[in-house]
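Structure, as structure tokens:
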Amino acid sequence: MNKILSFGGSNSKKSINKTLANYAANQVKDVELTLADLNDYELPVYSFDLENESGIPEKAKDFKALINDADGIIISLAEHNGMPTVAFKNVFDWISRVDPKTWKDKKILLLSTSPGARGAKSVLALMKEVFTRFGAQIIADFSLPTFYDNFSEEGIKNIDLSKDLEQKIKSFETSIKQ
Ligand SMILES: Cc1cc2nc3c(=O)[nH]c(=O)nc-3n(C[C@H](O)[C@H](O)[C@H](O)COP(=O)(O)O)c2cc1C
């Protein structure tokens, strides 16, 4: 069975991005799901000196192993001042020190959401470019604006947004089963 890894690019315990990533992951049929939480991979702030003195922390290697093991990855990025959160950037930097080719050929459904009307579109565009430069295949991307208006436990309330995401999840599902 194909393996899907899903996580939010945030260390907020009530992360809306973790909620959105896991919601999307649960729609992918007949796959083995791993719903990761960046809080379980807390790492010291990356520093060249720390790496030289103490090496790469085990948790960075563990997170990289999750990525390696996945046939497809669903990430929903939180946006802090137009950029990824420190927590996500930190994990990204540490795993690049384990292996800079970690993301190569990985199939990614890239999402973002925020309470605001732009739905974290800036970080989505930025990281789409970065992941592509690292050799990942962005199968589709989707931004959900005004999370608290548009999302409920039953899913996405706005029909057009709901259909758009549904279709992108299907494309992602098809791509990982090829
Ligand atoms: C330091 C900081 C900066 C933020 N900057 C942005 C921003 O640039 N764009 C945006 O849409 N939301 C911004 N927000 C609001 C976040 O989108 C909001 O906190 C959201 O819940 C983060 O996602 P998460 O719940 O998955 O952590 C910011 C929040 C904080 C704390």
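If you're wondering about the labels, chains in the structure tokens are A, B, ... by order shown, residues count from 1 in each chain, ligands from 1 in order shown.
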Would you please give, as a PDB file with C-alpha atoms, in the first residue's frame, all residues of segment 2-147 of chain A that DSSP assigns to alpha helix (DSSP H) based on the backbone?
```pdb
ATOM      1  CA  ILE A  16      -5.142  25.175  11.479  1.00  0.00           C
ATOM      2  CA  ASN A  17      -2.623  24.005   8.888  1.00  0.00           C
ATOM      3  CA  LYS A  18      -2.185  20.671  10.613  1.00  0.00           C
ATOM      4  CA  THR A  19      -5.989  20.403  10.592  1.00  0.00           C
ATOM      5  CA  LEU A  20      -6.164  21.173   6.851  1.00  0.00           C
ATOM      6  CA  ALA A  21      -3.282  18.833   5.929  1.00  0.00           C
ATOM      7  CA  ASN A  22      -4.800  15.958   7.888  1.00  0.00           C
ATOM      8  CA  TYR A  23      -8.272  16.675   6.492  1.00  0.00           C
ATOM      9  CA  ALA A  24      -6.863  16.389   2.949  1.00  0.00           C
ATOM     10  CA  ALA A  25      -4.820  13.291   3.817  1.00  0.00           C
ATOM     11  CA  PHE A  48      26.686  25.697  11.888  1.00  0.00           C
ATOM     12  CA  ASP A  49      28.718  25.701  15.112  1.00  0.00           C
ATOM     13  CA  LEU A  50      26.213  23.507  16.953  1.00  0.00           C
ATOM     14  CA  GLU A  51      26.289  21.027  14.077  1.00  0.00           C
ATOM     15  CA  ASN A  52      30.097  20.945  14.159  1.00  0.00           C
ATOM     16  CA  GLU A  53      30.157  20.504  17.920  1.00  0.00           C
ATOM     17  CA  SER A  54      27.269  18.076  18.443  1.00  0.00           C
ATOM     18  CA  GLU A  58      18.378  12.266  15.959  1.00  0.00           C
ATOM     19  CA  LYS A  59      14.990  13.974  15.541  1.00  0.00           C
ATOM     20  CA  ALA A  60      16.180  15.610  12.311  1.00  0.00           C
ATOM     21  CA  LYS A  61      17.208  12.176  11.035  1.00  0.00           C
ATOM     22  CA  ASP A  62      13.856  10.754  12.163  1.00  0.00           C
ATOM     23  CA  PHE A  63      11.926  13.440  10.269  1.00  0.00           C
ATOM     24  CA  LYS A  64      13.999  12.876   7.174  1.00  0.00           C
ATOM     25  CA  ALA A  65      13.250   9.152   7.454  1.00  0.00           C
ATOM     26  CA  LEU A  66       9.514   9.945   7.444  1.00  0.00           C
ATOM     27  CA  ILE A  67       9.957  11.874   4.197  1.00  0.00           C
ATOM     28  CA  ASN A  68      12.098   9.130   2.671  1.00  0.00           C
ATOM     29  CA  ASP A  69       9.489   6.544   3.523  1.00  0.00           C
ATOM     30  CA  VAL A  86      10.557  29.297  12.244  1.00  0.00           C
ATOM     31  CA  ALA A  87       9.603  25.747  13.280  1.00  0.00           C
ATOM     32  CA  PHE A  88       9.211  24.597   9.663  1.00  0.00           C
ATOM     33  CA  LYS A  89      12.273  26.474   8.378  1.00  0.00           C
ATOM     34  CA  ASN A  90      14.330  24.957  11.172  1.00  0.00           C
ATOM     35  CA  VAL A  91      13.293  21.390  10.306  1.00  0.00           C
ATOM     36  CA  PHE A  92      13.889  22.161   6.625  1.00  0.00           C
ATOM     37  CA  ASP A  93      17.422  23.405   7.361  1.00  0.00           C
ATOM     38  CA  TRP A  94      18.328  20.489   9.629  1.00  0.00           C
ATOM     39  CA  ILE A  95      17.158  17.863   7.149  1.00  0.00           C
ATOM     40  CA  SER A  96      19.073  19.602   4.367  1.00  0.00           C
ATOM     41  CA  ARG A  97      22.161  18.884   6.480  1.00  0.00           C
ATOM     42  CA  VAL A  98      21.212  15.192   6.741  1.00  0.00           C
ATOM     43  CA  LYS A 121      -0.648  32.600  -0.448  1.00  0.00           C
ATOM     44  CA  SER A 122       2.748  34.269  -0.074  1.00  0.00           C
ATOM     45  CA  VAL A 123       4.360  31.362   1.724  1.00  0.00           C
ATOM     46  CA  LEU A 124       2.649  28.942  -0.667  1.00  0.00           C
ATOM     47  CA  ALA A 125       4.191  30.670  -3.712  1.00  0.00           C
ATOM     48  CA  LEU A 126       7.569  30.968  -2.040  1.00  0.00           C
ATOM     49  CA  MET A 127       7.779  27.340  -0.946  1.00  0.00           C
ATOM     50  CA  LYS A 128       6.408  26.046  -4.246  1.00  0.00           C
ATOM     51  CA  GLU A 129       9.470  27.584  -5.856  1.00  0.00           C
ATOM     52  CA  VAL A 130      11.848  26.317  -3.150  1.00  0.00           C
ATOM     53  CA  PHE A 131      10.526  22.735  -3.165  1.00  0.00           C
ATOM     54  CA  THR A 132      10.716  22.685  -6.969  1.00  0.00           C
ATOM     55  CA  ARG A 133      14.321  23.874  -6.811  1.00  0.00           C
ATOM     56  CA  PHE A 147     -10.020  29.385   7.662  1.00  0.00           C
TER      57      PHE A 147
END
```
*asked:* Residues within 10 Å of Thr174 of chain A, please, as a ChimeraX atom specification. Count only C-alpha atoms; anything in the same chain fewer than 6 positions from it doesn't count.
replied: /A:28,139,168
What does the file look like for those residues with C-alpha atoms, as a short mmCIF file (atom, residue, chain, number, x, y, z; two decimals), in the first residue's frame?
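This went into out.cif:
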```
data_model
loop_
_atom_site.label_atom_id
_atom_site.label_comp_id
_atom_site.auth_asym_id
_atom_site.auth_seq_id
_atom_site.Cartn_x
_atom_site.Cartn_y
_atom_site.Cartn_z
CA VAL A 28 -6.86 9.94 -0.08
CA ILE A 139 1.38 17.85 -7.97
CA LYS A 168 -6.48 18.38 -6.43
#
```
*asked:* Please identify all protein, DNA and RNA residues within 6 Å of ligand 1, counting only C-alpha atoms and all ligand atoms, and report them as a PyMOL selection string.
replied: chain A and resi 10+12+15-18+78-82+114-116+119-120
*asked:* Can you tell me which residues surround Asp30 of chain A at a distance of at most 10 Å, considering only C-alpha atoms, apart from same-chain residues fewer than 6 positions away, and format the answer as an MDAnalysis selection string?
replied: chainID A and resid 1:3 173 177
Go ahead and write the residues just picked, N, CA and C atoms, as an mmCIF file, in the first residue's frame.
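result_13.cif was written with the following content:
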```
data_model
loop_
_atom_site.group_PDB
_atom_site.id
_atom_site.type_symbol
_atom_site.label_atom_id
_atom_site.label_comp_id
_atom_site.auth_asym_id
_atom_site.auth_seq_id
_atom_site.Cartn_x
_atom_site.Cartn_y
_atom_site.Cartn_z
ATOM 1 N N MET A 1 0.845 -1.210 0.000
ATOM 2 C CA MET A 1 0.000 0.000 0.000
ATOM 3 C C MET A 1 0.879 1.258 0.000
ATOM 4 N N ASN A 2 0.475 2.267 -0.790
ATOM 5 C CA ASN A 2 1.251 3.513 -0.838
ATOM 6 C C ASN A 2 1.180 4.256 0.496
ATOM 7 N N LYS A 3 2.281 4.943 0.779
ATOM 8 C CA LYS A 3 2.357 5.652 2.063
ATOM 9 C C LYS A 3 2.279 7.166 1.870
ATOM 10 N N GLU A 173 -3.698 11.734 -5.558
ATOM 11 C CA GLU A 173 -3.911 10.293 -5.356
ATOM 12 C C GLU A 173 -3.508 9.509 -6.615
ATOM 13 N N LYS A 177 -0.208 6.737 -7.195
ATOM 14 C CA LYS A 177 -0.514 5.326 -7.506
ATOM 15 C C LYS A 177 0.061 4.904 -8.855
#
```
Quick one: pick out all strand (DSSP E) residues within chain A from a backbone DSSP run and write them as an mmCIF file with C-alpha atoms, in the first residue's frame.
```cif
data_model
loop_
_atom_site.group_PDB
_atom_site.id
_atom_site.type_symbol
_atom_site.label_atom_id
_atom_site.label_comp_id
_atom_site.auth_asym_id
_atom_site.auth_seq_id
_atom_site.Cartn_x
_atom_site.Cartn_y
_atom_site.Cartn_z
ATOM 1 C CA LYS A 3 2.357 5.652 2.063
ATOM 2 C CA ILE A 4 1.283 9.260 2.642
ATOM 3 C CA LEU A 5 2.895 11.620 5.095
ATOM 4 C CA SER A 6 0.930 14.662 6.188
ATOM 5 C CA PHE A 7 1.859 17.572 8.432
ATOM 6 C CA GLY A 8 1.286 21.273 9.049
ATOM 7 C CA GLY A 9 4.221 23.653 8.759
ATOM 8 C CA GLU A 32 -1.210 4.113 4.714
ATOM 9 C CA LEU A 33 -1.314 7.498 6.481
ATOM 10 C CA THR A 34 1.260 9.025 8.798
ATOM 11 C CA LEU A 35 -0.031 12.240 10.380
ATOM 12 C CA GLY A 72 3.489 11.276 -1.315
ATOM 13 C CA ILE A 73 3.491 14.177 1.118
ATOM 14 C CA ILE A 74 0.735 16.622 2.031
ATOM 15 C CA ILE A 75 2.035 19.789 3.652
ATOM 16 C CA SER A 76 -0.039 22.766 4.715
ATOM 17 C CA LEU A 77 2.137 25.790 5.345
ATOM 18 C CA GLU A 79 2.567 31.882 7.142
ATOM 19 C CA HIS A 80 4.474 34.153 9.510
ATOM 20 C CA MET A 83 7.401 33.349 5.198
ATOM 21 C CA PRO A 84 7.385 29.822 6.634
ATOM 22 C CA LYS A 107 5.313 14.135 -4.860
ATOM 23 C CA ILE A 108 3.792 16.928 -2.837
ATOM 24 C CA LEU A 109 0.290 18.327 -2.447
ATOM 25 C CA LEU A 110 1.128 21.790 -1.122
ATOM 26 C CA LEU A 111 -1.534 23.613 0.876
ATOM 27 C CA SER A 112 -1.770 26.723 3.008
ATOM 28 C CA THR A 113 -4.339 28.451 5.130
ATOM 29 C CA GLN A 137 7.191 17.483 -7.811
ATOM 30 C CA ILE A 138 4.405 19.798 -6.725
ATOM 31 C CA ILE A 139 1.385 17.851 -7.973
ATOM 32 C CA ALA A 140 -1.037 20.622 -7.010
ATOM 33 C CA ASP A 141 -1.274 23.563 -4.669
ATOM 34 C CA PHE A 142 -4.243 25.052 -2.867
ATOM 35 C CA SER A 143 -4.789 27.940 -0.497
ATOM 36 C CA LEU A 144 -7.800 28.117 1.830
ATOM 37 C CA PHE A 151 -13.722 25.267 7.522
ATOM 38 C CA SER A 152 -15.830 23.199 9.873
ATOM 39 C CA GLY A 155 -15.030 20.038 5.833
ATOM 40 C CA ILE A 156 -14.837 23.062 3.563
#
```
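Of the listed residues (A:Thr146, A:Ser47, A:Gln27, A:Asn39), A:Gln27 comes nearest to Glu166 of chain A; the distances count only C-alpha atoms.
Rounded to one decimal, atom CA of Gln167 of chain A and atom CA of Tyr148 of chain A lie 22.0 Å from each other.
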_Gap from atom CA of Asp164 of chain A to atom CA of Pro145 of chain A - Å, one decimal_ = 13.0 Å
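If only C-alpha atoms are the atoms counted, then among A:Glu153, A:Phe134, A:Val31, A:Thr102 the closest residue to Phe172 of chain A is A:Val31.
Distance-wise, atom CA of Asp37 of chain A and atom CA of Asp71 of chain A end up 18.2 Å apart.
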